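File shown: work.cif (mmCIF, C-alpha atoms).
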data_work
loop_
_atom_site.group_PDB
_atom_site.id
_atom_site.type_symbol
_atom_site.label_atom_id
_atom_site.label_comp_id
_atom_site.auth_asym_id
_atom_site.auth_seq_id
_atom_site.Cartn_x
_atom_site.Cartn_y
_atom_site.Cartn_z
ATOM 1 C CA MET A 1 48.650 43.328 -19.238
ATOM 2 C CA VAL A 2 48.457 40.303 -21.527
ATOM 3 C CA GLU A 3 49.845 37.159 -19.915
ATOM 4 C CA VAL A 4 52.254 35.186 -22.085
ATOM 5 C CA HIS A 5 52.692 31.591 -20.949
ATOM 6 C CA HIS A 6 55.970 29.738 -21.523
ATOM 7 C CA ARG A 7 55.246 26.045 -21.918
ATOM 8 C CA TYR A 8 56.776 22.738 -22.932
ATOM 9 C CA ALA A 9 55.196 19.751 -24.654
ATOM 10 C CA THR A 10 56.579 16.320 -25.455
ATOM 11 C CA VAL A 11 56.182 15.784 -29.186
ATOM 12 C CA ARG A 12 57.323 12.520 -30.755
ATOM 13 C CA GLY A 13 59.726 12.013 -27.875
ATOM 14 C CA HIS A 14 61.189 15.539 -28.020
ATOM 15 C CA ARG A 15 60.702 18.446 -25.640
ATOM 16 C CA VAL A 16 59.271 21.378 -27.569
ATOM 17 C CA PHE A 17 59.052 24.863 -26.108
ATOM 18 C CA TYR A 18 56.277 27.237 -27.111
ATOM 19 C CA ARG A 19 54.810 30.571 -26.086
ATOM 20 C CA GLU A 20 51.049 30.856 -25.756
ATOM 21 C CA ALA A 21 48.781 33.803 -25.044
ATOM 22 C CA GLY A 22 45.247 34.983 -25.585
ATOM 23 C CA PRO A 23 41.813 33.404 -25.154
ATOM 24 C CA ARG A 24 41.707 29.795 -26.296
ATOM 25 C CA ASP A 25 38.260 30.229 -27.797
ATOM 26 C CA ALA A 26 39.535 32.998 -30.086
ATOM 27 C CA PRO A 27 40.873 32.343 -33.612
ATOM 28 C CA THR A 28 44.374 30.901 -33.450
ATOM 29 C CA LEU A 29 47.470 32.497 -34.968
ATOM 30 C CA VAL A 30 50.587 30.310 -35.192
ATOM 31 C CA LEU A 31 53.898 32.192 -35.362
ATOM 32 C CA LEU A 32 56.720 30.301 -37.103
ATOM 33 C CA HIS A 33 60.190 31.752 -36.630
ATOM 34 C CA GLY A 34 63.233 31.707 -38.860
ATOM 35 C CA PHE A 35 66.975 31.114 -38.643
ATOM 36 C CA PRO A 36 68.889 31.612 -36.381
ATOM 37 C CA THR A 37 66.425 32.625 -33.676
ATOM 38 C CA GLY A 38 63.389 31.138 -31.949
ATOM 39 C CA SER A 39 59.988 32.221 -30.747
ATOM 40 C CA ARG A 40 61.887 34.936 -28.880
ATOM 41 C CA MET A 41 61.627 36.990 -32.085
ATOM 42 C CA PHE A 42 57.895 37.329 -31.323
ATOM 43 C CA ARG A 43 58.309 38.444 -27.702
ATOM 44 C CA HIS A 44 56.997 41.960 -28.434
ATOM 45 C CA LEU A 45 54.461 40.955 -31.069
ATOM 46 C CA ILE A 46 52.554 38.375 -29.021
ATOM 47 C CA PRO A 47 51.149 40.815 -26.420
ATOM 48 C CA ARG A 48 50.043 43.143 -29.220
ATOM 49 C CA LEU A 49 47.872 40.438 -30.809
ATOM 50 C CA ALA A 50 46.768 38.256 -27.903
ATOM 51 C CA ASP A 51 43.941 40.546 -26.820
ATOM 52 C CA ARG A 52 41.915 39.330 -29.818
ATOM 53 C CA PHE A 53 43.657 36.095 -30.875
ATOM 54 C CA HIS A 54 44.918 32.851 -29.419
ATOM 55 C CA VAL A 55 48.630 33.002 -30.233
ATOM 56 C CA ILE A 56 51.023 30.027 -30.309
ATOM 57 C CA ALA A 57 54.726 30.400 -31.108
ATOM 58 C CA PRO A 58 56.887 27.257 -30.939
ATOM 59 C CA ASP A 59 60.655 26.902 -31.075
ATOM 60 C CA HIS A 60 61.672 24.490 -33.833
ATOM 61 C CA LEU A 61 63.913 21.619 -32.786
ATOM 62 C CA GLY A 62 67.497 22.864 -32.722
ATOM 63 C CA PHE A 63 66.429 26.411 -31.848
ATOM 64 C CA GLY A 64 65.595 28.404 -28.742
ATOM 65 C CA HIS A 65 64.493 26.342 -25.755
ATOM 66 C CA SER A 66 63.396 23.242 -27.655
ATOM 67 C CA ASP A 67 65.475 20.089 -27.676
ATOM 68 C CA THR A 68 68.491 19.869 -29.937
ATOM 69 C CA PRO A 69 68.815 16.166 -30.663
ATOM 70 C CA SER A 70 72.061 15.227 -32.352
ATOM 71 C CA ALA A 71 72.111 15.049 -36.139
ATOM 72 C CA ASP A 72 72.867 11.338 -35.707
ATOM 73 C CA THR A 73 69.564 10.685 -33.933
ATOM 74 C CA PHE A 74 67.243 13.166 -35.665
ATOM 75 C CA THR A 75 67.078 13.909 -39.372
ATOM 76 C CA TYR A 76 67.042 17.696 -39.630
ATOM 77 C CA THR A 77 64.870 18.445 -42.649
ATOM 78 C CA PHE A 78 62.030 20.870 -43.210
ATOM 79 C CA ASP A 79 59.699 17.901 -43.571
ATOM 80 C CA ALA A 80 60.766 16.697 -40.123
ATOM 81 C CA LEU A 81 60.345 20.133 -38.524
ATOM 82 C CA THR A 82 56.897 20.310 -40.080
ATOM 83 C CA ASP A 83 56.074 16.905 -38.611
ATOM 84 C CA ILE A 84 56.919 18.239 -35.145
ATOM 85 C CA THR A 85 54.888 21.423 -35.613
ATOM 86 C CA GLU A 86 51.913 19.513 -36.978
ATOM 87 C CA ALA A 87 51.989 17.084 -34.050
ATOM 88 C CA LEU A 88 52.327 19.913 -31.525
ATOM 89 C CA LEU A 89 49.254 21.677 -32.899
ATOM 90 C CA ALA A 90 47.298 18.419 -32.943
ATOM 91 C CA GLY A 91 48.264 17.779 -29.336
ATOM 92 C CA LEU A 92 47.032 21.246 -28.406
ATOM 93 C CA GLY A 93 43.734 20.604 -30.178
ATOM 94 C CA VAL A 94 44.371 23.292 -32.797
ATOM 95 C CA ASP A 95 42.924 22.330 -36.190
ATOM 96 C CA ARG A 96 42.253 25.767 -37.760
ATOM 97 C CA TYR A 97 44.682 28.633 -37.607
ATOM 98 C CA ALA A 98 46.297 31.536 -39.415
ATOM 99 C CA ILE A 99 50.063 31.437 -39.844
ATOM 100 C CA TYR A 100 52.755 34.102 -39.564
ATOM 101 C CA VAL A 101 55.895 32.881 -41.329
ATOM 102 C CA GLN A 102 59.378 34.345 -41.456
ATOM 103 C CA ASP A 103 62.507 32.872 -43.066
ATOM 104 C CA TYR A 104 62.628 29.136 -42.083
ATOM 105 C CA GLY A 105 59.061 29.444 -40.842
ATOM 106 C CA ALA A 106 57.896 29.857 -44.442
ATOM 107 C CA PRO A 107 58.786 26.378 -45.779
ATOM 108 C CA ILE A 108 57.315 24.881 -42.616
ATOM 109 C CA GLY A 109 54.136 26.910 -43.036
ATOM 110 C CA TRP A 110 53.835 25.998 -46.731
ATOM 111 C CA ARG A 111 54.137 22.315 -45.878
ATOM 112 C CA LEU A 112 51.435 22.618 -43.226
ATOM 113 C CA ALA A 113 49.143 24.265 -45.769
ATOM 114 C CA LEU A 114 49.836 21.650 -48.449
ATOM 115 C CA ARG A 115 49.130 18.831 -46.017
ATOM 116 C CA ASP A 116 45.841 20.341 -44.817
ATOM 117 C CA PRO A 117 44.742 23.345 -46.886
ATOM 118 C CA ALA A 118 41.472 23.694 -44.998
ATOM 119 C CA ALA A 119 43.328 24.204 -41.710
ATOM 120 C CA VAL A 120 44.968 27.497 -42.723
ATOM 121 C CA THR A 121 42.617 30.466 -42.474
ATOM 122 C CA ALA A 122 45.110 33.157 -43.525
ATOM 123 C CA VAL A 123 48.804 33.746 -44.162
ATOM 124 C CA ILE A 124 51.020 36.553 -42.917
ATOM 125 C CA THR A 125 54.472 36.407 -44.468
ATOM 126 C CA GLN A 126 57.175 38.659 -43.101
ATOM 127 C CA ASN A 127 60.232 38.108 -45.275
ATOM 128 C CA GLY A 128 59.138 34.501 -45.699
ATOM 129 C CA ASN A 129 59.849 33.382 -49.243
ATOM 130 C CA ALA A 130 57.765 31.318 -51.703
ATOM 131 C CA TYR A 131 59.203 32.420 -55.061
ATOM 132 C CA GLU A 132 62.532 32.304 -56.852
ATOM 133 C CA ASP A 133 62.178 36.080 -57.173
ATOM 134 C CA GLY A 134 62.906 36.522 -53.488
ATOM 135 C CA PHE A 135 66.363 34.958 -53.340
ATOM 136 C CA VAL A 136 69.163 37.547 -53.275
ATOM 137 C CA PRO A 137 71.871 35.757 -55.307
ATOM 138 C CA GLU A 138 74.869 37.060 -53.373
ATOM 139 C CA PHE A 139 73.528 35.642 -50.130
ATOM 140 C CA TRP A 140 72.239 32.336 -51.460
ATOM 141 C CA ALA A 141 75.081 31.297 -53.787
ATOM 142 C CA PRO A 142 77.132 29.575 -51.035
ATOM 143 C CA VAL A 143 74.017 27.843 -49.681
ATOM 144 C CA TRP A 144 73.140 26.383 -53.095
ATOM 145 C CA ALA A 145 76.760 25.351 -53.655
ATOM 146 C CA TYR A 146 76.896 23.565 -50.303
ATOM 147 C CA ALA A 147 73.549 21.840 -50.862
ATOM 148 C CA GLN A 148 74.603 20.649 -54.295
ATOM 149 C CA ASP A 149 78.054 19.415 -53.287
ATOM 150 C CA PRO A 150 78.598 19.216 -49.499
ATOM 151 C CA GLY A 151 82.254 18.887 -48.648
ATOM 152 C CA PRO A 152 85.430 20.659 -47.563
ATOM 153 C CA GLU A 153 85.310 23.060 -50.516
ATOM 154 C CA THR A 154 81.775 24.350 -49.870
ATOM 155 C CA GLU A 155 81.221 23.852 -46.140
ATOM 156 C CA PRO A 156 83.344 26.760 -44.800
ATOM 157 C CA ALA A 157 81.250 29.379 -46.590
ATOM 158 C CA ALA A 158 78.056 27.810 -45.279
ATOM 159 C CA ARG A 159 79.448 27.395 -41.778
ATOM 160 C CA ALA A 160 80.343 31.097 -41.697
ATOM 161 C CA ALA A 161 76.625 31.852 -41.306
ATOM 162 C CA LEU A 162 76.877 30.446 -37.767
ATOM 163 C CA ASP A 163 79.426 33.065 -36.690
ATOM 164 C CA LEU A 164 78.466 35.912 -34.378
ATOM 165 C CA ASP A 165 79.268 38.574 -36.980
ATOM 166 C CA ALA A 166 77.055 36.883 -39.576
ATOM 167 C CA ILE A 167 74.162 36.649 -37.130
ATOM 168 C CA ARG A 168 74.610 40.305 -36.139
ATOM 169 C CA TRP A 169 74.531 41.221 -39.839
ATOM 170 C CA GLN A 170 71.197 39.429 -40.261
ATOM 171 C CA TYR A 171 69.676 41.737 -37.653
ATOM 172 C CA LEU A 172 71.281 45.014 -38.689
ATOM 173 C CA HIS A 173 71.670 45.074 -42.463
ATOM 174 C CA GLY A 174 69.383 47.568 -44.171
ATOM 175 C CA VAL A 175 67.903 48.853 -40.909
ATOM 176 C CA ASP A 176 67.527 52.621 -40.916
ATOM 177 C CA ARG A 177 67.625 52.865 -37.106
ATOM 178 C CA PRO A 178 69.948 50.093 -35.917
ATOM 179 C CA GLU A 179 69.984 51.534 -32.403
ATOM 180 C CA LEU A 180 66.468 50.092 -31.990
ATOM 181 C CA VAL A 181 67.737 46.532 -32.387
ATOM 182 C CA ASP A 182 68.531 44.926 -29.042
ATOM 183 C CA PRO A 183 72.042 43.360 -29.035
ATOM 184 C CA ASP A 184 70.620 40.523 -26.960
ATOM 185 C CA THR A 185 69.028 39.233 -30.177
ATOM 186 C CA TRP A 186 72.186 38.202 -31.964
ATOM 187 C CA THR A 187 74.048 37.392 -28.727
ATOM 188 C CA LEU A 188 71.409 34.914 -27.540
ATOM 189 C CA ASP A 189 70.922 33.454 -31.013
ATOM 190 C CA HIS A 190 74.654 32.829 -31.339
ATOM 191 C CA HIS A 191 74.695 31.205 -27.901
ATOM 192 C CA ASP A 192 71.891 28.827 -28.883
ATOM 193 C CA ILE A 193 73.375 28.013 -32.288
ATOM 194 C CA SER A 194 76.718 27.268 -30.594
ATOM 195 C CA ARG A 195 75.417 24.509 -28.333
ATOM 196 C CA PRO A 196 77.438 21.300 -28.731
ATOM 197 C CA GLY A 197 76.369 19.454 -31.867
ATOM 198 C CA ASN A 198 74.029 22.197 -33.060
ATOM 199 C CA ASP A 199 76.387 23.166 -35.855
ATOM 200 C CA LEU A 200 75.733 19.805 -37.535
ATOM 201 C CA ALA A 201 71.985 20.267 -37.148
ATOM 202 C CA GLN A 202 72.164 23.711 -38.743
ATOM 203 C CA LEU A 203 74.382 22.508 -41.583
ATOM 204 C CA ALA A 204 71.873 19.738 -42.287
ATOM 205 C CA LEU A 205 69.112 22.343 -42.610
ATOM 206 C CA PHE A 206 71.300 24.446 -44.921
ATOM 207 C CA ARG A 207 71.660 21.392 -47.172
ATOM 208 C CA ASP A 208 67.957 20.620 -47.000
ATOM 209 C CA TYR A 209 66.886 24.175 -47.824
ATOM 210 C CA ALA A 210 67.323 23.343 -51.506
ATOM 211 C CA THR A 211 64.307 20.999 -51.226
ATOM 212 C CA ASN A 212 62.053 24.012 -50.722
ATOM 213 C CA ARG A 213 62.517 25.376 -54.228
ATOM 214 C CA PRO A 214 60.971 22.359 -56.051
ATOM 215 C CA LEU A 215 58.014 22.682 -53.671
ATOM 216 C CA TYR A 216 57.175 26.195 -54.857
ATOM 217 C CA PRO A 217 54.995 25.210 -57.861
ATOM 218 C CA ARG A 218 52.754 23.224 -55.511
ATOM 219 C CA VAL A 219 52.620 26.183 -53.129
ATOM 220 C CA HIS A 220 51.617 28.484 -55.989
ATOM 221 C CA GLU A 221 48.895 26.033 -57.029
ATOM 222 C CA TYR A 222 47.670 25.993 -53.418
ATOM 223 C CA PHE A 223 47.493 29.791 -53.458
ATOM 224 C CA ARG A 224 45.490 29.828 -56.691
ATOM 225 C CA LYS A 225 43.077 27.071 -55.678
ATOM 226 C CA SER A 226 42.504 28.186 -52.100
ATOM 227 C CA GLY A 227 42.570 31.954 -52.548
ATOM 228 C CA VAL A 228 43.852 32.047 -48.961
ATOM 229 C CA PRO A 229 43.928 35.613 -47.572
ATOM 230 C CA LEU A 230 47.572 36.699 -47.549
ATOM 231 C CA LEU A 231 49.412 39.674 -46.114
ATOM 232 C CA ALA A 232 53.061 40.207 -47.069
ATOM 233 C CA VAL A 233 54.680 42.766 -44.769
ATOM 234 C CA TRP A 234 58.311 42.889 -45.761
ATOM 235 C CA GLY A 235 61.484 44.673 -44.780
ATOM 236 C CA ALA A 236 62.240 46.420 -48.054
ATOM 237 C CA GLU A 237 66.001 46.481 -47.462
ATOM 238 C CA ASP A 238 66.372 42.753 -46.757
ATOM 239 C CA LEU A 239 69.443 41.342 -48.532
ATOM 240 C CA ILE A 240 68.405 37.731 -47.900
ATOM 241 C CA PHE A 241 64.851 37.735 -49.258
ATOM 242 C CA GLY A 242 64.488 40.816 -51.423
ATOM 243 C CA PRO A 243 61.294 42.810 -52.026
ATOM 244 C CA ASP A 244 60.617 41.021 -55.323
ATOM 245 C CA GLY A 245 59.794 37.996 -53.175
ATOM 246 C CA ALA A 246 56.959 39.962 -51.582
ATOM 247 C CA ARG A 247 55.630 41.328 -54.869
ATOM 248 C CA ALA A 248 55.563 37.830 -56.386
ATOM 249 C CA PHE A 249 52.670 36.677 -54.169
ATOM 250 C CA ALA A 250 50.314 38.814 -56.268
ATOM 251 C CA ARG A 251 50.910 36.557 -59.291
ATOM 252 C CA ASP A 252 48.959 33.716 -57.701
ATOM 253 C CA LEU A 253 46.911 35.692 -55.186
ATOM 254 C CA PRO A 254 45.685 38.877 -56.913
ATOM 255 C CA ASP A 255 44.062 40.011 -53.661
ATOM 256 C CA ALA A 256 47.292 39.638 -51.680
ATOM 257 C CA GLU A 257 48.011 42.681 -49.522
ATOM 258 C CA ILE A 258 51.658 43.637 -49.953
ATOM 259 C CA HIS A 259 53.483 46.236 -47.877
ATOM 260 C CA LEU A 260 57.192 46.972 -48.290
ATOM 261 C CA VAL A 261 58.504 48.750 -45.212
ATOM 262 C CA PRO A 262 61.303 51.233 -46.015
ATOM 263 C CA GLY A 263 64.277 51.040 -43.690
ATOM 264 C CA GLY A 264 63.300 47.564 -42.542
ATOM 265 C CA GLY A 265 65.533 44.528 -42.810
ATOM 266 C CA HIS A 266 65.242 40.786 -42.349
ATOM 267 C CA PHE A 267 64.051 40.940 -38.726
ATOM 268 C CA LEU A 268 61.462 43.644 -39.206
ATOM 269 C CA LEU A 269 59.853 43.241 -35.780
ATOM 270 C CA GLU A 270 62.994 44.510 -34.070
ATOM 271 C CA SER A 271 62.893 47.967 -35.671
ATOM 272 C CA HIS A 272 59.382 48.484 -37.098
ATOM 273 C CA LEU A 273 57.092 46.667 -34.685
ATOM 274 C CA ASP A 274 54.338 49.302 -34.658
ATOM 275 C CA THR A 275 54.099 49.305 -38.451
ATOM 276 C CA VAL A 276 53.872 45.517 -38.611
ATOM 277 C CA VAL A 277 51.277 45.361 -35.832
ATOM 278 C CA GLU A 278 49.127 47.973 -37.566
ATOM 279 C CA HIS A 279 49.122 45.987 -40.812
ATOM 280 C CA ILE A 280 48.457 42.661 -39.069
ATOM 281 C CA ARG A 281 45.609 43.881 -36.895
ATOM 282 C CA ASP A 282 43.916 45.580 -39.829
ATOM 283 C CA PHE A 283 44.354 42.511 -42.041
ATOM 284 C CA LEU A 284 43.132 39.989 -39.479
ATOM 285 C CA ALA A 285 40.188 42.167 -38.465
ATOM 286 C CA ARG A 286 38.974 42.139 -42.064
ATOM 287 C CA ARG A 287 39.965 38.630 -43.139
ATOM 288 C CA VAL A 288 39.803 36.532 -39.941
ATOM 289 C CA ALA A 289 37.080 37.378 -37.444
ATOM 290 C CA PRO A 290 38.738 38.079 -34.075
ATOM 291 C CA ALA A 291 37.307 37.593 -30.624
ATOM 292 C CA PRO A 292 35.449 40.646 -29.259
ATOM 293 C CA ALA A 293 37.725 43.192 -27.616
#

So, in terms of structure tokens, how does the structure I just supplied come out?
Amino acid sequence: MVEVHHRYATVRGHRVFYREAGPRDAPTLVLLHGFPTGSRMFRHLIPRLADRFHVIAPDHLGFGHSDTPSADTFTYTFDALTDITEALLAGLGVDRYAIYVQDYGAPIGWRLALRDPAAVTAVITQNGNAYEDGFVPEFWAPVWAYAQDPGPETEPAARAALDLDAIRWQYLHGVDRPELVDPDTWTLDHHDISRPGNDLAQLALFRDYATNRPLYPRVHEYFRKSGVPLLAVWGAEDLIFGPDGARAFARDLPDAEIHLVPGGGHFLLESHLDTVVEHIRDFLARRVAPAPA
């Protein structure tokens, strides 16, 4: 049995929760979660990787068990969330690591890589976007409208993403075997998102998401210059980040390994864990030397 430790660290005055497992002298893999969940999305993945890797999975501020400072006292931007992640890793003495990014985890991971390209040994992206190709227009139109002109005309459509039904849809859409998805996922996520004041934090991140798109050319340049090993394992039926977003990585990383998983949606780990684990273990074994079994 692999032991998964549930820890807290004080980072820039905030209490940050993270999960940690595996030998500390093994190569490190940092798991960066998306909206609207937390490191809980990796609860089944961590034990499957921690026999050979040192795994760290933090909750971003405003998510999971980490602090949710009010939007009046903390500026919720992807730059700020990256600052917290970077400081957490520094405090843990982690200066080289592979990243697994999903959804919101992607813009945080890209910023980490741009700040210190030599620190990132490999990238695993699971429905974590870096190209305009990946945006499904029907989903993103209200987000872009709200970011461009926040106000009473655009906020209701953005705020609807915080509703229980919208969060349930994120987990179930496109999934060929929805009975495999634990209802606790969307129930607990909705509970966390509904904490007092968290709606304003989440709306701030919706507005700030538009800052990720102008960053993409720099991310593509980083890919080309670094040649970082990259695995894209993608739910092929995702209606948030479509499969074209996975295919696009090959434009700047010709050796990118791209796997579209039929019947998989946005939260691929909930329904196709074994498939994802198989791809990750094979990829890391070849591209990042693991600790001996």

Where does the PyMOL selection byres ((chain A and resi 50) around 12) land in this file, that is, which residues does it pick, as a PyMOL selection string?
-> chain A and resi 1-5+19-31+42-49+51-57+277+281+290-293

Contacts of region 58-75 of chain A within 9 Å, all atoms listed in the file, excl. fewer than 6 positions in-chain, as JSON, numbers by chain | {"A": [8, 14, 15, 16, 17, 18, 19, 20, 30, 31, 32, 33, 34, 35, 36, 37, 38, 39, 40, 81, 82, 84, 85, 88, 105, 188, 189, 192, 193, 195, 196, 197, 198, 200, 201, 202, 204]}

Can you tell me how far CA of Leu284 (chain A) sits from CA of Pro229 (chain A), in Å to one decimal?
->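 Taking CA of Leu284 (chain A) as the start and CA of Pro229 (chain A) as the end point, the length is 9.2 Å.
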
Skip Val228 (chain A) itself and residues of its chain fewer than 4 positions away, then list as an MDAnalysis selection string all residues within 7 Å of it, counting only C-alpha atoms.
-> chainID A and resid 121:122 223

With all atoms listed in the file as the atoms that count, which of A:Asp182, A:Asp199, A:Asp252, A:Glu132 lies nearest to Phe267 (chain A)?
-> A:Asp182

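Around Ala248 (chain A), within 9 Å and counting all atoms listed in the file, the residues found are Ala130, Tyr131, Glu132, Asp133 and Gly134 of chain A, once anything fewer than 6 positions away on its own chain is removed.
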
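Closest approach to Trp234 (chain A) from the set A:Ala119, A:Leu92, A:Val101, A:Ile108 is made by A:Val101, with distances taken over only C-alpha atoms.
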
What does the distance from CA of Asp255 (chain A) to CA of Val175 (chain A) come to in Å, to one decimal?
->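 Value for the CA of Asp255 (chain A)-CA of Val175 (chain A) distance: 28.4 Å.
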
Any idea what's packed within 9 Å of Ala210 (chain A), counting only C-alpha atoms, ignoring anything in its chain fewer than 2 positions away? Could you give it as a list in words?
-> Val143, Trp144, Ala147, Gln148, Phe206, Arg207, Asp208, Asn212, Arg213 and Pro214 of chain A

Please write the residues picked by the PyMOL selection byres ((chain A and resi 116-118) around 12) on this file as a list in words.
->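 Checked against the file, the PyMOL selection byres ((chain A and resi 116-118) around 12) matches Glu86, Asp95, Arg96, Tyr97, Ala98, Ile99, Gly109, Trp110, Arg111, Leu112, Ala113, Leu114, Arg115, Ala119, Val120, Thr121, Ala122, Val123, Arg218, Val219, Glu221, Tyr222, Phe223, Arg224, Lys225, Ser226, Gly227 and Val228 of chain A.
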
Reference answer for the PyMOL selection byres ((chain A and resi 168) around 12), as a compact mmCIF listing (two decimals) with C-alpha atoms, keeping the file's coordinate frame:
# COMPACT_ATOMS: atom_id res chain seq x y z
CA PRO A 36 68.89 31.61 -36.38
CA THR A 37 66.42 32.62 -33.68
CA ALA A 161 76.62 31.85 -41.31
CA LEU A 162 76.88 30.45 -37.77
CA ASP A 163 79.43 33.06 -36.69
CA LEU A 164 78.47 35.91 -34.38
CA ASP A 165 79.27 38.57 -36.98
CA ALA A 166 77.06 36.88 -39.58
CA ILE A 167 74.16 36.65 -37.13
CA TRP A 169 74.53 41.22 -39.84
CA GLN A 170 71.20 39.43 -40.26
CA TYR A 171 69.68 41.74 -37.65
CA LEU A 172 71.28 45.01 -38.69
CA HIS A 173 71.67 45.07 -42.46
CA VAL A 175 67.90 48.85 -40.91
CA PRO A 178 69.95 50.09 -35.92
CA VAL A 181 67.74 46.53 -32.39
CA ASP A 182 68.53 44.93 -29.04
CA PRO A 183 72.04 43.36 -29.04
CA ASP A 184 70.62 40.52 -26.96
CA THR A 185 69.03 39.23 -30.18
CA TRP A 186 72.19 38.20 -31.96
CA THR A 187 74.05 37.39 -28.73
CA LEU A 188 71.41 34.91 -27.54
CA ASP A 189 70.92 33.45 -31.01
CA HIS A 190 74.65 32.83 -31.34
CA HIS A 266 65.24 40.79 -42.35
CA PHE A 267 64.05 40.94 -38.73

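Between CA of Phe135 (chain A) and CA of Thr211 (chain A) there is a distance of 14.3 Å.
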
Hey, which of A:Ile124, A:Ala158, A:Ile240, A:Ala256 ends up closest to Phe139 (chain A)? Count all atoms listed in the file.
-> A:Ile240

Pick from A:Glu270, A:Glu179, A:Glu138, A:Glu257, whichever lies nearest to Phe283 (chain A) using all atoms listed in the file =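 Under the stated criterion, the closest residue is A:Glu257.
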
Please give the centre and size of the box around region 209-213 of chain A (axis-aligned, containing every atom listed in the file, 4 Å added per side), with values in Å to one decimal and written as AutoDock Vina command-line options.
--center_x 64.7 --center_y 23.2 --center_z -51.0 --size_x 13.3 --size_y 12.4 --size_z 14.4

Find the residue from A:Pro152, A:Gly174, A:Gly91, A:Gly128 that sits nearest to Arg247 (chain A); use all atoms listed in the file when measuring.
-> A:Gly128
